[in-house]
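Asker: Please find data-v3.txt (compact mmCIF, C-alpha atoms and all ligand atoms) on the next line:
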```txt
# COMPACT_ATOMS: atom_id res chain seq x y z
CA MET A 1 -132.95 -19.02 -40.49
CA ASP A 2 -134.66 -15.79 -41.49
CA TYR A 3 -135.86 -14.74 -44.92
CA GLY A 4 -132.80 -12.66 -45.88
CA MET A 5 -130.35 -15.45 -45.16
CA LYS A 6 -132.50 -18.03 -47.01
CA ASN A 7 -133.00 -15.71 -49.95
CA ARG A 8 -129.28 -15.01 -50.30
CA LEU A 9 -128.46 -18.72 -50.06
CA ALA A 10 -131.05 -19.43 -52.75
CA ARG A 11 -129.30 -16.93 -55.03
CA ILE A 12 -126.13 -19.03 -54.76
CA ILE A 13 -127.39 -22.62 -54.59
CA LYS A 14 -130.20 -22.82 -57.11
CA PRO A 15 -133.43 -24.10 -55.49
CA GLU A 16 -134.52 -25.83 -58.75
CA ASP A 17 -131.84 -28.51 -58.42
CA GLY A 18 -129.90 -27.66 -55.26
CA ARG A 19 -126.77 -27.18 -57.37
CA THR A 20 -124.34 -24.37 -58.06
CA VAL A 21 -121.48 -23.35 -60.31
CA MET A 22 -119.50 -20.70 -58.44
CA LEU A 23 -116.71 -18.93 -60.31
CA ALA A 24 -113.74 -18.24 -58.00
CA ILE A 25 -111.43 -15.38 -58.96
CA ASP A 26 -110.23 -14.36 -55.48
CA HIS A 27 -106.75 -15.89 -55.85
CA GLY A 28 -104.97 -12.52 -56.00
CA TYR A 29 -105.66 -11.84 -52.32
CA PHE A 30 -102.62 -13.96 -51.49
CA MET A 31 -101.21 -14.99 -54.91
CA GLY A 32 -101.00 -11.54 -56.53
CA PRO A 33 -101.47 -11.28 -60.32
CA THR A 34 -102.47 -14.88 -60.96
CA SER A 35 -102.23 -16.16 -64.53
CA GLY A 36 -105.56 -15.61 -66.27
CA LEU A 37 -106.59 -12.85 -63.87
CA GLU A 38 -104.13 -10.16 -64.95
CA ASN A 39 -106.88 -8.34 -66.79
CA VAL A 40 -110.05 -9.34 -64.99
CA ASP A 41 -112.44 -7.04 -66.85
CA LYS A 42 -111.52 -8.64 -70.18
CA SER A 43 -111.01 -12.27 -69.15
CA ILE A 44 -113.87 -12.67 -66.67
CA ALA A 45 -116.69 -10.56 -68.14
CA PRO A 46 -117.51 -13.17 -70.87
CA LEU A 47 -117.89 -15.87 -68.18
CA LEU A 48 -120.32 -14.07 -65.89
CA GLY A 49 -123.43 -15.13 -67.77
CA TYR A 50 -122.63 -18.77 -67.08
CA ALA A 51 -121.74 -18.59 -63.37
CA ASP A 52 -124.30 -18.83 -60.56
CA SER A 53 -122.11 -16.60 -58.39
CA LEU A 54 -118.76 -14.85 -58.43
CA MET A 55 -116.28 -15.25 -55.56
CA LEU A 56 -113.80 -12.37 -55.37
CA THR A 57 -112.28 -9.60 -53.25
CA ARG A 58 -113.74 -6.15 -52.77
CA GLY A 59 -110.77 -4.58 -54.59
CA ILE A 60 -111.48 -6.41 -57.82
CA LEU A 61 -115.24 -6.10 -57.42
CA ARG A 62 -115.09 -2.31 -57.05
CA SER A 63 -112.51 -1.73 -59.77
CA LYS A 64 -113.26 -4.34 -62.41
CA ILE A 65 -116.80 -5.71 -62.25
CA ASP A 66 -119.61 -3.82 -63.96
CA ALA A 67 -122.23 -3.02 -61.31
CA GLY A 68 -124.94 -3.52 -63.94
CA VAL A 69 -124.20 -7.23 -64.25
CA ASP A 70 -126.67 -9.29 -62.25
CA ILE A 71 -124.53 -11.90 -60.53
CA PRO A 72 -124.58 -12.85 -56.83
CA VAL A 73 -121.29 -11.94 -55.16
CA VAL A 74 -119.49 -14.14 -52.64
CA LEU A 75 -117.06 -11.72 -51.08
CA ARG A 76 -113.67 -12.91 -49.83
CA VAL A 77 -113.29 -11.25 -46.40
CA SER A 78 -110.19 -12.96 -45.04
CA GLY A 79 -106.52 -12.37 -45.78
CA GLY A 80 -103.30 -11.09 -44.28
CA THR A 81 -100.64 -13.30 -45.79
CA SER A 82 -99.00 -13.96 -49.16
CA ILE A 83 -97.67 -16.82 -51.22
CA LEU A 84 -94.14 -15.78 -50.19
CA LYS A 85 -94.72 -17.15 -46.69
CA ASP A 86 -94.27 -20.84 -45.90
CA ASP A 87 -97.29 -20.75 -43.65
CA LEU A 88 -100.40 -19.29 -45.26
CA SER A 89 -102.61 -19.77 -42.22
CA ASP A 90 -102.03 -16.41 -40.53
CA GLU A 91 -105.29 -14.83 -41.75
CA ASP A 92 -107.75 -12.43 -40.17
CA ILE A 93 -111.03 -10.85 -41.17
CA THR A 94 -110.19 -8.04 -43.60
CA VAL A 95 -113.61 -6.62 -44.53
CA SER A 96 -116.38 -5.38 -42.24
CA MET A 97 -119.86 -6.82 -42.62
CA GLU A 98 -121.08 -3.27 -43.29
CA ASP A 99 -118.78 -2.99 -46.32
CA ALA A 100 -119.90 -6.43 -47.52
CA ILE A 101 -123.49 -5.19 -47.35
CA ARG A 102 -122.58 -1.95 -49.18
CA LEU A 103 -121.20 -4.19 -51.92
CA ASN A 104 -124.47 -6.16 -51.97
CA ALA A 105 -122.69 -9.43 -51.13
CA SER A 106 -124.90 -12.51 -51.20
CA ALA A 107 -122.39 -14.28 -48.93
CA VAL A 108 -118.98 -13.73 -47.37
CA ALA A 109 -116.06 -16.18 -47.49
CA LEU A 110 -113.22 -16.84 -45.06
CA SER A 111 -110.52 -19.51 -44.91
CA ILE A 112 -109.75 -21.74 -41.95
CA PHE A 113 -106.61 -23.87 -41.73
CA ILE A 114 -107.27 -26.90 -39.56
CA GLY A 115 -104.08 -28.43 -38.17
CA SER A 116 -102.02 -25.29 -38.80
CA LYS A 117 -100.37 -23.21 -36.11
CA ASN A 118 -103.13 -20.61 -36.59
CA GLU A 119 -105.97 -23.11 -36.38
CA LYS A 120 -107.65 -21.40 -33.41
CA GLN A 121 -107.40 -17.92 -34.97
CA GLY A 122 -109.18 -19.20 -38.09
CA ILE A 123 -111.97 -20.92 -36.18
CA ILE A 124 -112.56 -17.91 -33.93
CA ASN A 125 -112.57 -15.59 -36.95
CA LEU A 126 -115.14 -17.87 -38.58
CA ALA A 127 -117.27 -17.81 -35.41
CA LYS A 128 -117.13 -14.00 -35.31
CA LEU A 129 -118.06 -13.77 -38.98
CA VAL A 130 -120.99 -16.16 -38.49
CA ASN A 131 -122.21 -14.04 -35.53
CA LYS A 132 -122.14 -10.93 -37.72
CA GLY A 133 -123.65 -12.84 -40.61
CA TYR A 134 -126.71 -13.79 -38.56
CA GLU A 135 -127.03 -10.22 -37.32
CA TYR A 136 -127.44 -9.02 -40.92
CA GLY A 137 -128.75 -12.11 -42.73
CA ILE A 138 -125.54 -12.74 -44.71
CA PRO A 139 -124.48 -16.39 -45.19
CA VAL A 140 -120.88 -17.40 -44.52
CA LEU A 141 -118.90 -19.72 -46.76
CA ALA A 142 -115.97 -21.36 -44.94
CA VAL A 143 -113.04 -22.29 -47.16
CA THR A 144 -111.30 -25.26 -45.59
CA ALA A 145 -107.89 -24.37 -46.93
CA VAL A 146 -105.16 -26.97 -46.98
CA GLY A 147 -101.65 -25.95 -45.91
CA ARG A 148 -98.66 -27.27 -47.88
CA GLU A 149 -97.97 -29.80 -45.15
CA MET A 150 -101.54 -31.22 -44.96
CA SER A 151 -102.79 -34.16 -47.00
CA ARG A 152 -106.05 -33.82 -48.88
CA ASP A 153 -107.49 -37.11 -47.66
CA VAL A 154 -110.91 -38.06 -46.36
CA ARG A 155 -109.83 -38.03 -42.71
CA TYR A 156 -108.40 -34.53 -42.81
CA LEU A 157 -111.06 -33.03 -45.09
CA SER A 158 -114.01 -34.46 -43.15
CA LEU A 159 -112.48 -33.13 -39.93
CA SER A 160 -112.03 -29.64 -41.42
CA VAL A 161 -115.45 -29.53 -43.06
CA ARG A 162 -117.27 -30.70 -39.95
CA ILE A 163 -115.48 -28.16 -37.74
CA ALA A 164 -116.44 -25.39 -40.19
CA ALA A 165 -120.08 -26.48 -40.15
CA GLU A 166 -120.16 -26.89 -36.37
CA THR A 167 -118.77 -23.36 -36.03
CA GLY A 168 -121.78 -22.15 -38.03
CA ALA A 169 -120.71 -21.87 -41.67
CA ASN A 170 -123.70 -21.96 -44.04
CA ILE A 171 -121.71 -23.42 -46.95
CA VAL A 172 -118.35 -25.18 -46.78
CA LYS A 173 -115.80 -25.31 -49.54
CA THR A 174 -113.34 -28.15 -49.67
CA TYR A 175 -111.38 -30.38 -52.05
CA TYR A 176 -112.50 -33.57 -53.72
CA CYS A 177 -110.83 -36.75 -52.42
CA ASP A 178 -111.19 -40.53 -52.53
CA GLY A 179 -114.06 -41.46 -50.21
CA PHE A 180 -115.62 -38.02 -50.70
CA GLU A 181 -119.08 -39.36 -49.79
CA ARG A 182 -117.91 -39.61 -46.17
CA VAL A 183 -116.98 -35.91 -46.20
CA VAL A 184 -120.49 -35.09 -47.46
CA GLU A 185 -122.35 -37.52 -45.17
CA THR A 186 -120.79 -36.07 -42.05
CA CYS A 187 -121.36 -32.43 -43.00
CA PRO A 188 -124.76 -30.89 -42.14
CA VAL A 189 -124.53 -28.00 -44.64
CA PRO A 190 -123.99 -27.82 -48.43
CA ILE A 191 -120.48 -28.46 -49.71
CA VAL A 192 -118.84 -26.95 -52.80
CA VAL A 193 -115.64 -28.31 -54.27
CA ALA A 194 -112.62 -26.25 -55.34
CA GLY A 195 -111.06 -27.05 -58.69
CA GLY A 196 -107.47 -26.73 -57.49
CA LYS A 197 -104.45 -26.20 -59.75
CA LYS A 198 -105.03 -26.25 -63.50
CA THR A 199 -105.27 -29.77 -64.87
CA GLY A 200 -106.61 -31.07 -68.17
CA GLU A 201 -110.18 -30.08 -69.02
CA ARG A 202 -111.33 -33.72 -68.99
CA ASP A 203 -109.96 -34.20 -65.46
CA ALA A 204 -111.60 -31.01 -64.20
CA LEU A 205 -114.95 -32.08 -65.67
CA GLU A 206 -114.53 -35.50 -64.09
CA LEU A 207 -113.87 -33.83 -60.74
CA ALA A 208 -117.04 -31.74 -61.08
CA TYR A 209 -119.02 -34.83 -62.06
CA ASN A 210 -117.75 -36.92 -59.14
CA ALA A 211 -118.20 -34.07 -56.67
CA VAL A 212 -121.94 -33.77 -57.39
CA LYS A 213 -122.36 -37.54 -57.82
CA TYR A 214 -121.11 -38.03 -54.28
CA GLY A 215 -123.25 -35.28 -52.80
CA ALA A 216 -121.63 -31.87 -53.26
CA ALA A 217 -123.94 -28.99 -54.17
CA GLY A 218 -121.51 -28.06 -56.89
CA VAL A 219 -118.16 -26.46 -57.55
CA ASP A 220 -116.41 -23.23 -56.66
CA MET A 221 -113.96 -23.43 -59.52
CA GLY A 222 -111.33 -20.95 -60.63
CA ARG A 223 -108.10 -21.88 -62.42
CA ASN A 224 -109.56 -24.81 -64.34
CA ILE A 225 -111.98 -22.36 -65.89
CA PHE A 226 -110.14 -19.05 -66.31
CA GLN A 227 -106.79 -20.69 -67.21
CA SER A 228 -108.41 -22.97 -69.77
CA GLU A 229 -107.63 -22.29 -73.43
CA LYS A 230 -111.36 -21.88 -74.01
CA PRO A 231 -112.73 -20.49 -70.74
CA VAL A 232 -116.27 -19.83 -72.02
CA ASN A 233 -116.58 -23.36 -73.39
CA MET A 234 -115.13 -24.72 -70.18
CA ILE A 235 -117.60 -22.98 -67.87
CA LYS A 236 -120.44 -24.06 -70.17
CA ALA A 237 -119.20 -27.65 -69.94
CA VAL A 238 -118.92 -27.44 -66.15
CA ARG A 239 -122.51 -26.16 -66.00
CA ALA A 240 -123.68 -29.00 -68.22
CA VAL A 241 -122.12 -31.51 -65.82
CA VAL A 242 -123.25 -29.85 -62.57
CA HIS A 243 -126.74 -28.69 -63.56
CA GLY A 244 -127.44 -30.88 -66.58
CA GLY A 245 -126.04 -34.20 -65.34
CA LEU A 246 -123.94 -34.68 -68.49
CA MET A 247 -121.15 -37.25 -68.32
CA PRO A 248 -117.73 -35.55 -68.29
CA GLU A 249 -116.62 -37.04 -71.62
CA GLU A 250 -119.87 -35.97 -73.27
CA ALA A 251 -119.53 -32.43 -71.90
CA TYR A 252 -115.91 -32.33 -73.09
CA LYS A 253 -116.70 -33.48 -76.63
CA LYS A 254 -120.01 -31.73 -77.18
CA ILE A 255 -119.43 -28.47 -75.34
CA TYR A 256 -115.75 -27.85 -74.63
CA LEU A 257 -114.24 -28.91 -77.97
C1 LIG B 301 -108.28 -19.76 -52.43
C2 LIG B 301 -109.65 -20.02 -52.85
C3 LIG B 301 -109.94 -20.16 -54.31
O1 LIG B 301 -111.10 -19.47 -54.59
C4 LIG B 301 -110.11 -21.61 -54.61
O2 LIG B 301 -108.93 -22.29 -54.44
C5 LIG B 301 -110.90 -21.95 -55.89
O3 LIG B 301 -110.19 -21.83 -56.98
P1 LIG B 301 -109.46 -23.02 -57.74
O4 LIG B 301 -110.55 -23.82 -58.44
O5 LIG B 301 -108.56 -22.32 -58.67
O6 LIG B 301 -108.75 -23.89 -56.72
O7 LIG B 301 -110.55 -20.11 -52.06
O8 LIG B 301 -108.16 -20.01 -51.07
```
Show me the file's structure as structure tokens.

Answerer:
Amino acid sequence: MDYGMKNRLARIIKPEDGRTVMLAIDHGYFMGPTSGLENVDKSIAPLLGYADSLMLTRGILRSKIDAGVDIPVVLRVSGGTSILKDDLSDEDITVSMEDAIRLNASAVALSIFIGSKNEKQGIINLAKLVNKGYEYGIPVLAVTAVGREMSRDVRYLSLSVRIAAETGANIVKTYYCDGFERVVETCPVPIVVAGGKKTGERDALELAYNAVKYGAAGVDMGRNIFQSEKPVNMIKAVRAVVHGGLMPEEAYKKIYL
């Protein structure tokens, strides 16, 4: 791995502790005006100082994020479908690597849908993105997305994560599940865990705690932060769990409340 790739990865996963709190706000690329993201410049700006990186689309980056803010960008570069479709797996690469570089992306992100009817398309798109990524020194984060019909269990998630890593992804994003340590053990690259649909703050902190306890590098969390009643407190509490090793209940009481 050359210097550029290593340096960009180190901007996302902090070398001091090998951990990361990524803030995901890319939901609109298939969900449209997601609750909490209607007015990104107002709702997200106060959170940027507490996130290790920001995962989003180029449309929101160009129109809503102040270029003076020093935050590594993980650019969503896949899309092509919407929440109105039953099958969300029909995605392609939507952004050129040259545009990602123009936007000073520290990494690019693409979803794959293992077990879906577009499984091959996703894996080949990932392979193409990884090829381009190595040409320019840009890491690729593979999002192992779960279709409505797939179960989020250890068998399915470890299969998806391993395929993403074998295809060349530098970081893999997945969901937390019972037996998560097996997902981590069988994956040769760092894993980050998605928060999923909004739950209670205690549950989301517990998820972050368990994810890193069982070997994840951290979280790539969205709705459980920006849909929280106190988003700044919530991201601070997530940081305290992921980077500070605080117990979830302690982080909830001392930082969130
Ligand atoms: C969508 C994504 C989202 O970024 C991801 O789901 C993380 O956000 P959340 O914590 O809200 O699940 O990759 O495919």

Asker: May I have the residues within 7 Å of ligand LIG 301 (chain B), computed using only C-alpha atoms and all ligand atoms, as JSON, numbers by chain?

Answerer: {"A": [24, 25, 26, 27, 55, 111, 143, 145, 194, 195, 196, 197, 220, 221, 222, 223, 224]}

Asker: Select from region 154-194 of chain A every residue with an atom at most 7 Å from any atom of region 122-139 of chain A, then for each give the shortest pair of atoms and their distance in Å to one decimal, using only C-alpha atoms, rows by chain and rising number, as a Markdown table.

Answerer:
```
| residue | atom | partner | partner_atom | distance |
| --- | --- | --- | --- | --- |
| A:Thr167 | CA | A:Ala127 | CA | 5.8 |
| A:Gly168 | CA | A:Val130 | CA | 6.1 |
| A:Ala169 | CA | A:Val130 | CA | 6.5 |
| A:Asn170 | CA | A:Pro139 | CA | 5.7 |
```

Asker: Residues within 12 Å of Asp66 (chain A), please, as a PyMOL selection string. Count all atoms listed in the file; anything in the same chain fewer than 2 positions from it doesn't count.

Answerer: chain A and resi 40-42+44-46+48+60-64+68-71

Asker: Identify which of the residues A:Val77, A:Val161, A:Val154, A:Val108 lies closest to Arg182 (chain A), counting only C-alpha atoms when measuring atom-to-atom distances.

Answerer: A:Val154

Asker: Which one is closest to Ala204 (chain A): A:Ser89, A:Thr186, A:Ser158, A:Gln227? Count all atoms listed in the file.

Answerer: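 Of A:Ser89, A:Thr186, A:Ser158, A:Gln227, the one nearest Ala204 (chain A) is A:Gln227, counting all atoms listed in the file.
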
Asker: Quick one: residues within 10 Å of (-117.0, -28.0, -78.1) (file frame), counting only C-alpha atoms, please, as a list in words.

Answerer: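 Looking at atoms near the point gives Lys230, Asn233, Met234, Lys236, Ala237, Glu250, Ala251, Tyr252, Lys253, Lys254, Ile255, Tyr256 and Leu257 of chain A.
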
Asker: Taking 3 positions as the minimum chain separation for residues in the same chain, which residues sit within 9 Å of Leu103 (chain A) when counting all atoms listed in the file? Answer as number ranges by chain.

Answerer: A: 58, 61-62, 73, 75, 98-100

Asker: Which residue, A:Thr144, A:Ser228, A:Ser116, A:Thr20, has the smallest gap to Lys198 (chain A) when you use all atoms listed in the file?

Answerer: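 Checking each of A:Thr144, A:Ser228, A:Ser116, A:Thr20 against Lys198 (chain A), counting all atoms listed in the file, the winner is A:Ser228.
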
Asker: Considering only C-alpha atoms, return as a list in words whatever protein or nucleic-acid residues lie within 8 Å of Val184 (chain A), sequence-local ones (same chain, fewer than 5 positions apart) excluded.

Answerer: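 After dropping sequence-adjacent residues, the list is Ser158, Ile191, Tyr214, Gly215 and Ala216 of chain A.
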
Asker: Could you give me, as a list in words, the residues within 6 Å of region 28-33 of chain A, counting only C-alpha atoms and dropping anything in the same chain fewer than 2 positions from it?

Answerer: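 Those residues are Asp26, Glu38, Ser82 and Ile83 of chain A.
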
Asker: Near Tyr209 (chain A), counting all atoms listed in the file, which residues have an atom at most 7 Å away, once you skip same-chain residues fewer than 5 positions from it, shown as a list of chain:residue names?

Answerer: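 Once the adjacent positions are removed, what remains is A:Val241, A:Val242, A:Pro248.
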